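S.K.: What follows is target.cif, made up of mmCIF, C-alpha atoms:
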data_my_file
loop_
_atom_site.label_atom_id
_atom_site.label_comp_id
_atom_site.auth_asym_id
_atom_site.auth_seq_id
_atom_site.Cartn_x
_atom_site.Cartn_y
_atom_site.Cartn_z
CA MET A 1 88.11 114.03 94.91
CA SER A 2 90.50 111.38 96.11
CA ARG A 3 92.23 112.63 99.24
CA ILE A 4 94.82 109.87 99.03
CA GLY A 5 95.50 110.58 95.36
CA LYS A 6 96.26 114.25 96.03
CA GLU A 7 99.15 113.50 98.40
CA PRO A 8 102.58 113.39 96.73
CA VAL A 9 104.70 110.24 97.07
CA LYS A 10 108.08 111.06 98.62
CA ILE A 11 110.96 109.42 96.75
CA LEU A 12 113.29 107.85 99.32
CA ASP A 13 117.11 107.94 99.14
CA GLY A 14 118.56 105.44 96.67
CA VAL A 15 115.28 105.15 94.71
CA THR A 16 114.75 106.39 91.16
CA VAL A 17 111.32 106.80 89.60
CA SER A 18 110.75 107.19 85.86
CA VAL A 19 107.44 107.86 84.14
CA ASP A 20 106.97 106.90 80.48
CA GLY A 21 103.41 107.71 79.45
CA GLN A 22 101.17 105.43 81.57
CA LYS A 23 104.04 103.25 82.83
CA VAL A 24 105.80 104.05 86.13
CA THR A 25 109.09 102.26 86.85
CA VAL A 26 110.69 102.33 90.28
CA LYS A 27 114.30 101.15 90.84
CA GLY A 28 116.02 100.74 94.18
CA LYS A 29 118.67 98.77 96.00
CA LEU A 30 116.43 95.68 96.31
CA GLY A 31 115.15 95.54 92.73
CA GLU A 32 112.84 97.07 90.16
CA LEU A 33 109.04 97.26 89.94
CA SER A 34 106.74 98.75 87.32
CA TYR A 35 103.05 99.61 87.10
CA THR A 36 100.87 100.65 84.16
CA MET A 37 98.30 103.22 85.22
CA HIS A 38 94.69 103.36 84.08
CA ASP A 39 93.85 105.67 81.16
CA GLY A 40 93.15 109.18 82.42
CA ILE A 41 95.62 108.94 85.32
CA THR A 42 98.97 110.69 84.89
CA ALA A 43 102.06 110.91 87.06
CA LYS A 44 105.06 113.22 87.04
CA VAL A 45 108.24 113.49 89.08
CA GLU A 46 108.99 116.91 90.57
CA ASP A 47 111.08 118.09 93.52
CA GLY A 48 111.81 114.59 94.85
CA ASN A 49 108.13 113.63 94.82
CA VAL A 50 105.80 111.78 92.48
CA LYS A 51 102.53 113.60 91.90
CA VAL A 52 99.55 111.68 90.53
CA ALA A 53 96.85 113.60 88.66
CA CYS A 54 93.41 112.59 87.45
CA ALA A 55 91.54 113.81 84.36
CA ASP A 56 88.02 113.34 85.76
CA ASP A 57 87.55 112.64 89.48
CA LYS A 58 83.90 111.65 89.10
CA VAL A 59 84.74 108.68 86.87
CA LEU A 60 88.37 107.94 87.76
CA GLY A 61 88.51 108.97 91.42
CA ASN A 62 88.99 105.40 92.63
CA PHE A 63 91.88 104.81 90.24
CA HIS A 64 93.48 108.10 91.31
CA GLY A 65 93.95 106.96 94.90
CA LEU A 66 94.82 103.41 93.81
CA ALA A 67 97.61 104.58 91.49
CA ARG A 68 99.11 106.78 94.22
CA ALA A 69 98.97 103.95 96.78
CA LEU A 70 100.55 101.42 94.40
CA ILE A 71 103.38 103.82 93.51
CA ASN A 72 104.00 104.46 97.22
CA ASN A 73 104.08 100.68 97.87
CA MET A 74 106.61 100.25 95.07
CA VAL A 75 108.87 103.02 96.46
CA VAL A 76 108.81 101.48 99.95
CA GLY A 77 109.24 97.95 98.54
CA VAL A 78 112.39 98.63 96.51
CA SER A 79 114.00 100.56 99.38
CA SER A 80 113.19 98.40 102.45
CA GLY A 81 110.97 95.49 101.29
CA TYR A 82 107.98 93.86 102.94
CA THR A 83 107.79 91.03 105.47
CA LYS A 84 104.97 88.82 106.76
CA THR A 85 105.57 86.37 109.59
CA LEU A 86 103.43 83.27 110.12
CA THR A 87 103.45 81.13 113.25
CA ILE A 88 102.50 77.46 113.34
CA GLU A 89 100.84 75.99 116.42
CA GLY A 90 99.88 72.38 117.02
CA THR A 91 101.39 69.11 118.10
CA GLY A 92 103.62 67.79 115.34
CA PHE A 93 102.96 70.80 113.10
CA LYS A 94 106.06 72.23 111.41
CA ALA A 95 107.46 73.65 108.19
CA VAL A 96 110.54 72.52 106.26
CA LEU A 97 112.11 74.41 103.36
CA LYS A 98 113.46 72.20 100.54
CA GLY A 99 114.95 74.42 97.84
CA LYS A 100 112.04 76.40 96.36
CA GLU A 101 109.40 74.24 98.06
CA LEU A 102 107.94 74.72 101.51
CA ALA A 103 106.70 71.44 102.99
CA LEU A 104 104.11 71.92 105.74
CA SER A 105 103.37 69.02 108.10
CA LEU A 106 99.91 69.92 109.40
CA GLY A 107 98.46 66.64 110.62
CA PHE A 108 97.32 65.43 107.20
CA ALA A 109 98.37 62.09 105.68
CA SER A 110 101.01 63.80 103.55
CA PRO A 111 102.72 67.18 103.85
CA LYS A 112 101.24 70.17 102.01
CA ILE A 113 103.68 71.58 99.45
CA PHE A 114 103.87 75.30 98.67
CA ASN A 115 106.00 76.32 95.65
CA VAL A 116 107.67 79.63 96.43
CA PRO A 117 107.04 82.12 93.57
CA GLU A 118 109.77 84.20 91.92
CA GLY A 119 110.67 87.38 93.78
CA ILE A 120 109.62 85.96 97.16
CA THR A 121 111.99 84.65 99.82
CA VAL A 122 110.78 82.23 102.49
CA LYS A 123 112.76 81.43 105.66
CA VAL A 124 111.85 78.87 108.31
CA GLU A 125 112.85 79.72 111.88
CA ASN A 126 112.35 78.43 115.40
CA ASP A 127 112.57 74.71 114.48
CA GLY A 128 109.88 74.98 111.80
CA LEU A 129 107.32 76.88 113.90
CA LYS A 130 107.84 80.28 112.27
CA VAL A 131 107.74 81.08 108.55
CA VAL A 132 108.99 84.48 107.35
CA VAL A 133 107.89 85.63 103.87
CA THR A 134 109.82 88.59 102.38
CA GLY A 135 109.90 90.40 99.05
CA ILE A 136 109.76 93.79 97.36
CA SER A 137 106.18 93.58 96.09
CA LYS A 138 103.60 94.11 98.83
CA ASP A 139 100.83 92.26 97.01
CA ALA A 140 103.07 89.27 96.16
CA VAL A 141 104.21 88.94 99.80
CA GLY A 142 100.63 89.17 101.06
CA GLU A 143 99.40 86.66 98.47
CA ALA A 144 102.13 84.12 99.31
CA ALA A 145 101.48 84.47 103.06
CA ALA A 146 97.72 84.08 102.54
CA ARG A 147 98.19 80.94 100.43
CA ILE A 148 100.45 79.38 103.08
CA ARG A 149 97.94 80.26 105.81
CA ALA A 150 95.06 78.82 103.76
CA PHE A 151 96.42 75.27 104.13
CA TYR A 152 95.28 75.18 107.78
CA PRO A 153 93.97 78.48 109.23
CA ALA A 154 94.04 78.64 113.02
CA GLU A 155 90.86 77.11 114.43
CA PRO A 156 88.93 78.72 117.30
CA TYR A 157 88.70 75.77 119.72
CA LYS A 158 92.31 74.80 120.40
CA GLY A 159 93.99 77.57 118.41
CA LYS A 160 96.08 75.17 116.33
CA GLY A 161 96.95 75.93 112.75
CA ILE A 162 98.75 78.70 110.87
CA LYS A 163 98.24 82.34 111.83
CA TYR A 164 99.89 85.68 111.21
CA GLU A 165 102.23 86.87 113.93
CA GLY A 166 100.24 89.15 116.20
CA GLU A 167 96.88 87.87 114.94
CA HIS A 168 94.39 87.24 117.71
CA ILE A 169 92.34 84.08 117.32
CA ARG A 170 88.96 84.49 118.94
CA ARG A 171 88.55 81.37 121.05
CA LYS A 172 85.29 79.46 121.48
CA GLN A 173 84.21 77.32 124.35
CA GLY A 174 84.06 73.58 123.67
CA LYS A 175 81.23 71.19 124.43
CA LYS A 176 79.97 71.18 127.98
CA VAL A 177 79.45 67.94 129.85
CA ALA A 178 75.98 67.74 131.41
#
Is it possible to give me this structure as structure tokens?

M.R.:
Amino acid sequence: MSRIGKEPVKILDGVTVSVDGQKVTVKGKLGELSYTMHDGITAKVEDGNVKVACADDKVLGNFHGLARALINNMVVGVSSGYTKTLTIEGTGFKAVLKGKELALSLGFASPKIFNVPEGITVKVENDGLKVVVTGISKDAVGEAAARIRAFYPAEPYKGKGIKYEGEHIRRKQGKKVA
């Protein structure tokens, strides 16, 4: 039995959820998201909640909890959205936003270019040392932030590179002189 799947998803104010067979559509003030559930998983809207049910928990138990979590993420996303903040550390390291392209100067011969996908908004703050990724889809925001971070993840010796805000970089000691 999926304990997560049993919990109902509370529908927030200003959000409408419609279920059409296996497809769940969530509309809110920030946009619209939809998800097609796995066969054997059903959802229904009752009393301001979305309840997800499973035909066979032995086989589909994993999809039961997954479907409930994805529907909850969609409800939160269309009502308040998701944000990931990245900080850039290093001498001469910075980010510049040019239309739908994010140019990252990270000490390489040429800047690394990240094309911002549809549905994602990127802002550069603090003179190019902070990048804020926002959107309504939790997985799209996380994917965009991870791809930006992958250009130069923070290294453990000097701590320079791109890291999530609040991420702790475990520092290593450098070479010792004899």

S.K.: Written as a short mmCIF file (atom, residue, chain, number, x, y, z; two decimals) with C-alpha atoms, keeping the file's coordinate frame, which residues does the PyMOL selection byres ((chain A and resi 26) around 6) give for the file shown?

M.R.:
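Heads up, here's the output in result_15.cif:
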data_model
loop_
_atom_site.label_atom_id
_atom_site.label_comp_id
_atom_site.auth_asym_id
_atom_site.auth_seq_id
_atom_site.Cartn_x
_atom_site.Cartn_y
_atom_site.Cartn_z
CA THR A 16 114.75 106.39 91.16
CA VAL A 17 111.32 106.80 89.60
CA THR A 25 109.09 102.26 86.85
CA LYS A 27 114.30 101.15 90.84
CA GLU A 32 112.84 97.07 90.16
CA LEU A 33 109.04 97.26 89.94
#

S.K.: Rank nothing, just name the residue among A:Lys94, A:Asn115, A:Val78, A:Val9 nearest to Glu46 of chain A, using all atoms listed in the file.

M.R.: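 The shortest atom-to-atom distance to Glu46 of chain A comes from A:Val9.
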
S.K.: Name the residues that the PyMOL selection byres ((chain A and resi 67) around 10) pulls out of this structure, and write them as a PyMOL selection string.

M.R.: chain A and resi 4-5+24+35-38+41-43+52-54+62-66+68-73

S.K.: Using Å and a single decimal, report how far atom CA of Tyr157 of chain A sits from atom CA of Val177 of chain A.

M.R.: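 Distance reported for this atom pair: 15.8 Å.
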
S.K.: What is the atom CA of Lys44 of chain A-atom CA of Gly77 of chain A distance in Å, reported with one decimal?

M.R.: 19.6 Å

S.K.: Just checking: using only C-alpha atoms, which residue out of A:Ile11, A:Val75, A:Val45, A:Leu86 ends up closest to Val141 of chain A?

M.R.: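 With only C-alpha atoms as the atom set, the closest residue is A:Leu86.
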
S.K.: What does the PyMOL selection byres ((chain A and resi 161) around 10) select in this file, as a ChimeraX atom specification?

M.R.: /A:87-91,93-94,106-107,149-156,158-160,162-163

S.K.: Go ahead and compute the interatomic distance for atom CA of Gly128 of chain A and atom CA of Leu104 of chain A, in Å to one decimal.

M.R.: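 Value for the atom CA of Gly128 of chain A-atom CA of Leu104 of chain A distance: 8.9 Å.
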
S.K.: Identify the residues around (113.2, 80.7, 103.8) within a radius of 10 Å, measuring from only C-alpha atoms in the coordinates stated by the file, and give them as a PDB file with C-alpha atoms, keeping the file's coordinate frame.

M.R.:
ATOM      1  CA  VAL A  96     110.540  72.520 106.260  1.00  0.00           C
ATOM      2  CA  LEU A  97     112.110  74.410 103.360  1.00  0.00           C
ATOM      3  CA  LYS A  98     113.460  72.200 100.540  1.00  0.00           C
ATOM      4  CA  GLY A  99     114.950  74.420  97.840  1.00  0.00           C
ATOM      5  CA  LYS A 100     112.040  76.400  96.360  1.00  0.00           C
ATOM      6  CA  GLU A 101     109.400  74.240  98.060  1.00  0.00           C
ATOM      7  CA  LEU A 102     107.940  74.720 101.510  1.00  0.00           C
ATOM      8  CA  VAL A 116     107.670  79.630  96.430  1.00  0.00           C
ATOM      9  CA  ILE A 120     109.620  85.960  97.160  1.00  0.00           C
ATOM     10  CA  THR A 121     111.990  84.650  99.820  1.00  0.00           C
ATOM     11  CA  VAL A 122     110.780  82.230 102.490  1.00  0.00           C
ATOM     12  CA  LYS A 123     112.760  81.430 105.660  1.00  0.00           C
ATOM     13  CA  VAL A 124     111.850  78.870 108.310  1.00  0.00           C
ATOM     14  CA  GLU A 125     112.850  79.720 111.880  1.00  0.00           C
ATOM     15  CA  VAL A 131     107.740  81.080 108.550  1.00  0.00           C
ATOM     16  CA  VAL A 132     108.990  84.480 107.350  1.00  0.00           C
ATOM     17  CA  VAL A 133     107.890  85.630 103.870  1.00  0.00           C
ATOM     18  CA  THR A 134     109.820  88.590 102.380  1.00  0.00           C
TER      19      THR A 134
END

S.K.: Let me make sure I understand: among A:Ala55, A:Lys176, A:Ile136, A:Gly142, which one has the smallest atom-to-atom distance to Gly28 of chain A if we use only C-alpha atoms?

M.R.: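 Among the listed residues, the smallest separation from Gly28 of chain A belongs to A:Ile136.
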
S.K.: Pick from A:Ser34, A:Gln22, A:Thr85, A:Ser110: nearest to Asn126 of chain A, with all atoms listed in the file counted?

M.R.: A:Thr85

S.K.: Taking all atoms listed in the file into account, which of A:Val19, A:Val59, A:Ile148, A:Met74 comes nearest Ala103 of chain A?

M.R.: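 Of the candidates, the smallest distance to Ala103 of chain A is held by A:Ile148.
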
S.K.: Ranking A:Glu165, A:Asp20, A:Ala95, A:Asp56 by minimum distance to Thr83 of chain A and counting all atoms listed in the file, which one comes first?

M.R.: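 Looking at the shortest contact to Thr83 of chain A, the residue is A:Glu165.
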